[in-house]
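Asks: Just dropping this structure here.
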Number of protein chains: 2
Amino acid sequence: MSSQFDTATQVVPDGPGRFTAHIDDQWSVAGRTNGGYLLAVLGRAAGAVGAPHHDVVAATATYLSPVPPGPVGLVVDVLRRGRSTSVLRVRLQTLDDEPRVEALVTCGRLDDANEPFHDGVERPSLPPLADCPRLPPYFGEFEVPIMRVVAEHLDPATSGWTRGQPDGVGELRAYLMLDDGAGPDPLSLLLAVDALPPASFDLGLGGWVPTLQLSAWVRGVPAAGPLVVRQRARLVQSGLFDETCDVWDSRGHLVATGHQLAGVRLPRG
Amino acid sequence: MSSQFDTATQVVPDGPGRFTAHIDDQWSVAGRTNGGYLLAVLGRAAGAVGAPHHDVVAATATYLSPVPPGPVGLVVDVLRRGRSTSVLRVRLQTLDDEPRVEALVTCGRLDDANEPFHDGVERPSLPPLADCPRLPPYFGEFEVPIMRVVAEHLDPATSGWTRGQPDGVGELRAYLMLDDGAGPDPLSLLLAVDALPPASFDLGLGGWVPTLQLSAWVRGVPAAGPLVVRQRARLVQSGLFDETCDVWDSRGHLVATGHQLAGVRLPRG
């Protein structure tokens, strides 16, 4: 049986380097399709063309305009075929060829047996899952349907913003699982790097945070069990902010990192 | 009078969305053209087409094959024109249309007056410039011509690797200036995020570090004076490593950040 994530990211061949997909309205926030979910759809098309380099290792997307639910087309162009990696350009477009998302994707083969030679990324310590409440599928007046298909259990130490009391640190930490119990796979890490609420919420900056560019590095095959995700704001300035999102698997291995530059509404100063 | 950097990144219009450029052999390391310099050439073409959004705000490049010195062509396609930003795809190719580098570039207008709303990036403290020796234009048997046009003064606390004694931290810190005395401008920050030696050298990992993807966020107009650059290794595993490079101007403002995923040769374990 297919998981919800598998079904929602399915791509159907439609000619050489072409696919169709169906954007599922569940993977959305306040009426906008989630960027990490879209990156996973693009990544899946890239992996299909990149085979035998079927794992996405690096992917950077630029979001041109919102992608409504429903059928879309995907066009994959091979930029390079190497011995160990392939590089692809993927475009997600409407059925009448209006570009919506474009990505540069490097595909390779992930090795699940490898241990790090050097790990310079400090790992967060979260309370047990049972002590981290699950985020509900709404926030104030907004519907957040993605919280029905993705179970996000927020570290209470970073949940002040949910009660109108952001702590000003700019960091969110959570356990993340697919709601239907499907285990994480490499493709789902593209979702994981952009599935938490924006770290700007922890700075008291509400509102929509449109992503300009999102880069994801996938570093390993995740072990079964909940992922641990940390979303950190770096510089917030002039209506833009960058955040880094690190993802660990249940063994404590860093398996993916996302970096994004996004827009944010600042209070008038 | 033009600076060496201006001259080396010059793009000459050659039809709608098309340019020629001349890749200068000085901006190279051991016979390979530097990726940050190439990103600046692509960024300059993007800004010319993106005008009035002429500043590169975000740029991600994928390096398909080495770019030898000499004439090249650039093709810029407009993916989106918005009110405050334009998104462009730029391809650098040989004169017979062989693609060598492709980038997604978001252009806008940088504001040099803005102060950060939140700055979560810890700033390094370097000894005075006079106490930081300049890196020479060679390393062992390798020529590093870029060190003639870019003056990099390495913090001695991070220079053990130059004497065969890497300290294992995975961090390099340096002052960076253009050798001819030209001040830093936003475009030159694309060079700055990939101009230091790789942080892997500080981990005892020598050898060539081919970049798969490099993302640069440009956050402000740099003040006159030396830049401070910190290159940090994150995860080194399975022949790949990611590093984050932060760049501050002489006022201490974070003006650019680069994130890259690159190949690295690991010792046989």
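Ordering of the structure tokens sets the chain letters (A, B, ...), residue numbers begin anew at 1 in every chain, and ligands are numbered from 1 in the order given.
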Using only C-alpha atoms and a distance of at most 6 Å, pull out the residues of chain B that contact chain A, as a PyMOL selection string.
Replies: chain B and resi 116-121+234-237
Asks: Write out, as a PDB file, in the first residue's frame, the residues just selected, with N, CA, C and O atoms.
Replies:
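part-v9.pdb, freshly written:
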```
ATOM      1  N   PRO B 116      19.755  45.376  11.026  1.00  0.00           N
ATOM      2  CA  PRO B 116      19.065  44.098  11.228  1.00  0.00           C
ATOM      3  C   PRO B 116      17.960  44.184  12.275  1.00  0.00           C
ATOM      4  O   PRO B 116      18.109  44.864  13.288  1.00  0.00           O
ATOM      5  N   PHE B 117      16.855  43.506  12.012  1.00  0.00           N
ATOM      6  CA  PHE B 117      15.801  43.326  13.014  1.00  0.00           C
ATOM      7  C   PHE B 117      16.220  42.212  13.980  1.00  0.00           C
ATOM      8  O   PHE B 117      15.953  42.273  15.174  1.00  0.00           O
ATOM      9  N   HIS B 118      16.890  41.208  13.439  1.00  0.00           N
ATOM     10  CA  HIS B 118      17.393  40.083  14.245  1.00  0.00           C
ATOM     11  C   HIS B 118      18.649  39.561  13.583  1.00  0.00           C
ATOM     12  O   HIS B 118      18.662  39.337  12.373  1.00  0.00           O
ATOM     13  N   ASP B 119      19.692  39.382  14.350  1.00  0.00           N
ATOM     14  CA  ASP B 119      20.920  38.809  13.813  1.00  0.00           C
ATOM     15  C   ASP B 119      21.335  37.649  14.716  1.00  0.00           C
ATOM     16  O   ASP B 119      21.845  37.852  15.814  1.00  0.00           O
ATOM     17  N   GLY B 120      21.067  36.437  14.236  1.00  0.00           N
ATOM     18  CA  GLY B 120      21.335  35.245  15.034  1.00  0.00           C
ATOM     19  C   GLY B 120      22.659  34.585  14.677  1.00  0.00           C
ATOM     20  O   GLY B 120      22.892  33.444  15.067  1.00  0.00           O
ATOM     21  N   VAL B 121      23.509  35.287  13.920  1.00  0.00           N
ATOM     22  CA  VAL B 121      24.764  34.680  13.466  1.00  0.00           C
ATOM     23  C   VAL B 121      25.917  35.248  14.291  1.00  0.00           C
ATOM     24  O   VAL B 121      26.205  36.445  14.234  1.00  0.00           O
ATOM     25  N   ARG B 234      30.349  21.884   7.858  1.00  0.00           N
ATOM     26  CA  ARG B 234      29.254  21.311   8.642  1.00  0.00           C
ATOM     27  C   ARG B 234      29.442  19.780   8.646  1.00  0.00           C
ATOM     28  O   ARG B 234      30.283  19.296   9.388  1.00  0.00           O
ATOM     29  N   LEU B 235      28.748  19.062   7.804  1.00  0.00           N
ATOM     30  CA  LEU B 235      28.864  17.601   7.822  1.00  0.00           C
ATOM     31  C   LEU B 235      29.774  17.100   6.702  1.00  0.00           C
ATOM     32  O   LEU B 235      29.545  17.409   5.534  1.00  0.00           O
ATOM     33  N   VAL B 236      30.780  16.325   7.049  1.00  0.00           N
ATOM     34  CA  VAL B 236      31.655  15.688   6.065  1.00  0.00           C
ATOM     35  C   VAL B 236      31.364  14.196   6.111  1.00  0.00           C
ATOM     36  O   VAL B 236      31.570  13.546   7.142  1.00  0.00           O
ATOM     37  N   GLN B 237      30.869  13.648   5.018  1.00  0.00           N
ATOM     38  CA  GLN B 237      30.404  12.260   5.008  1.00  0.00           C
ATOM     39  C   GLN B 237      30.270  11.746   3.582  1.00  0.00           C
ATOM     40  O   GLN B 237      29.803  12.496   2.711  1.00  0.00           O
TER      41      GLN B 237
END
```
Asks: Among the residues of range 23-222 of chain A, find those DSSP assigns to strand (DSSP E or B) from the backbone and print them as a PyMOL selection string.
Replies: chain A and resi 23+28-29+32-33+55-63+70-81+86-93+99-108+118-119+134+138-139+142-143+150-154+171-178+211-218
Asks: Write out as a ChimeraX atom specification all residues of range 190-255 of chain A that DSSP puts in helix (DSSP H, G or I) for this structure's backbone.
Replies: /A:190-192,199-203
Asks: Compile the contact shell of range 17-28 of chain A as a ChimeraX atom specification: residues with an atom at most 10 Å away, counting only C-alpha atoms, same-chain residues fewer than 3 positions apart removed.
Replies: /A:4-5,7-14,31-38,41-42,45-46,48-49,67-78,90-95,143-150,191,195
Asks: Quick one: pull the distance between CA of Arg251 in chain B and CA of Tyr175 in chain B, Å, one decimal.
Replies: 13.1 Å
Asks: With distances taken over only C-alpha atoms, which of A:Arg134, A:Ala262, A:Leu196, A:Ala51 is nearest to Pro210 in chain A?
Replies: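 Once distances to Pro210 in chain A are computed over only C-alpha atoms, the minimum belongs to A:Ala262.
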Asks: Name the residues in contact with Met177 in chain B at a cut-off of 8 Å, using only C-alpha atoms, excluding same-chain residues fewer than 5 positions from it; report them as a PyMOL selection string.
Replies: chain B and resi 150-152+182-184+225-227
Asks: Would you put the residues from that selection into a file with N, CA, C and O atoms, as an mmCIF file, in the first residue's frame?
Replies:
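Result file is out11.cif:
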```
data_model
loop_
_atom_site.group_PDB
_atom_site.id
_atom_site.type_symbol
_atom_site.label_atom_id
_atom_site.label_comp_id
_atom_site.auth_asym_id
_atom_site.auth_seq_id
_atom_site.Cartn_x
_atom_site.Cartn_y
_atom_site.Cartn_z
ATOM 1 N N VAL B 150 43.000 38.711 -5.165
ATOM 2 C CA VAL B 150 42.232 38.804 -3.922
ATOM 3 C C VAL B 150 43.228 38.675 -2.766
ATOM 4 O O VAL B 150 43.968 37.692 -2.705
ATOM 5 N N ALA B 151 43.255 39.677 -1.896
ATOM 6 C CA ALA B 151 44.156 39.632 -0.734
ATOM 7 C C ALA B 151 43.412 38.973 0.412
ATOM 8 O O ALA B 151 42.395 39.493 0.878
ATOM 9 N N GLU B 152 43.889 37.798 0.838
ATOM 10 C CA GLU B 152 43.248 37.073 1.937
ATOM 11 C C GLU B 152 44.241 36.976 3.080
ATOM 12 O O GLU B 152 45.308 36.367 2.937
ATOM 13 N N ALA B 182 40.167 48.277 -4.810
ATOM 14 C CA ALA B 182 38.749 48.569 -5.084
ATOM 15 C C ALA B 182 37.914 48.128 -3.886
ATOM 16 O O ALA B 182 38.189 47.090 -3.278
ATOM 17 N N GLY B 183 36.915 48.929 -3.546
ATOM 18 C CA GLY B 183 36.061 48.600 -2.407
ATOM 19 C C GLY B 183 35.146 47.444 -2.755
ATOM 20 O O GLY B 183 34.920 47.149 -3.935
ATOM 21 N N PRO B 184 34.617 46.741 -1.748
ATOM 22 C CA PRO B 184 33.674 45.670 -2.051
ATOM 23 C C PRO B 184 32.347 46.266 -2.520
ATOM 24 O O PRO B 184 31.925 47.303 -2.027
ATOM 25 N N GLY B 225 36.192 49.053 2.988
ATOM 26 C CA GLY B 225 37.117 48.422 3.934
ATOM 27 C C GLY B 225 37.117 46.922 3.793
ATOM 28 O O GLY B 225 36.306 46.350 3.048
ATOM 29 N N PRO B 226 38.038 46.258 4.506
ATOM 30 C CA PRO B 226 38.169 44.803 4.380
ATOM 31 C C PRO B 226 36.911 44.075 4.833
ATOM 32 O O PRO B 226 36.256 44.479 5.796
ATOM 33 N N LEU B 227 36.594 43.011 4.138
ATOM 34 C CA LEU B 227 35.535 42.105 4.583
ATOM 35 C C LEU B 227 36.133 41.116 5.575
ATOM 36 O O LEU B 227 37.336 40.834 5.537
#
```
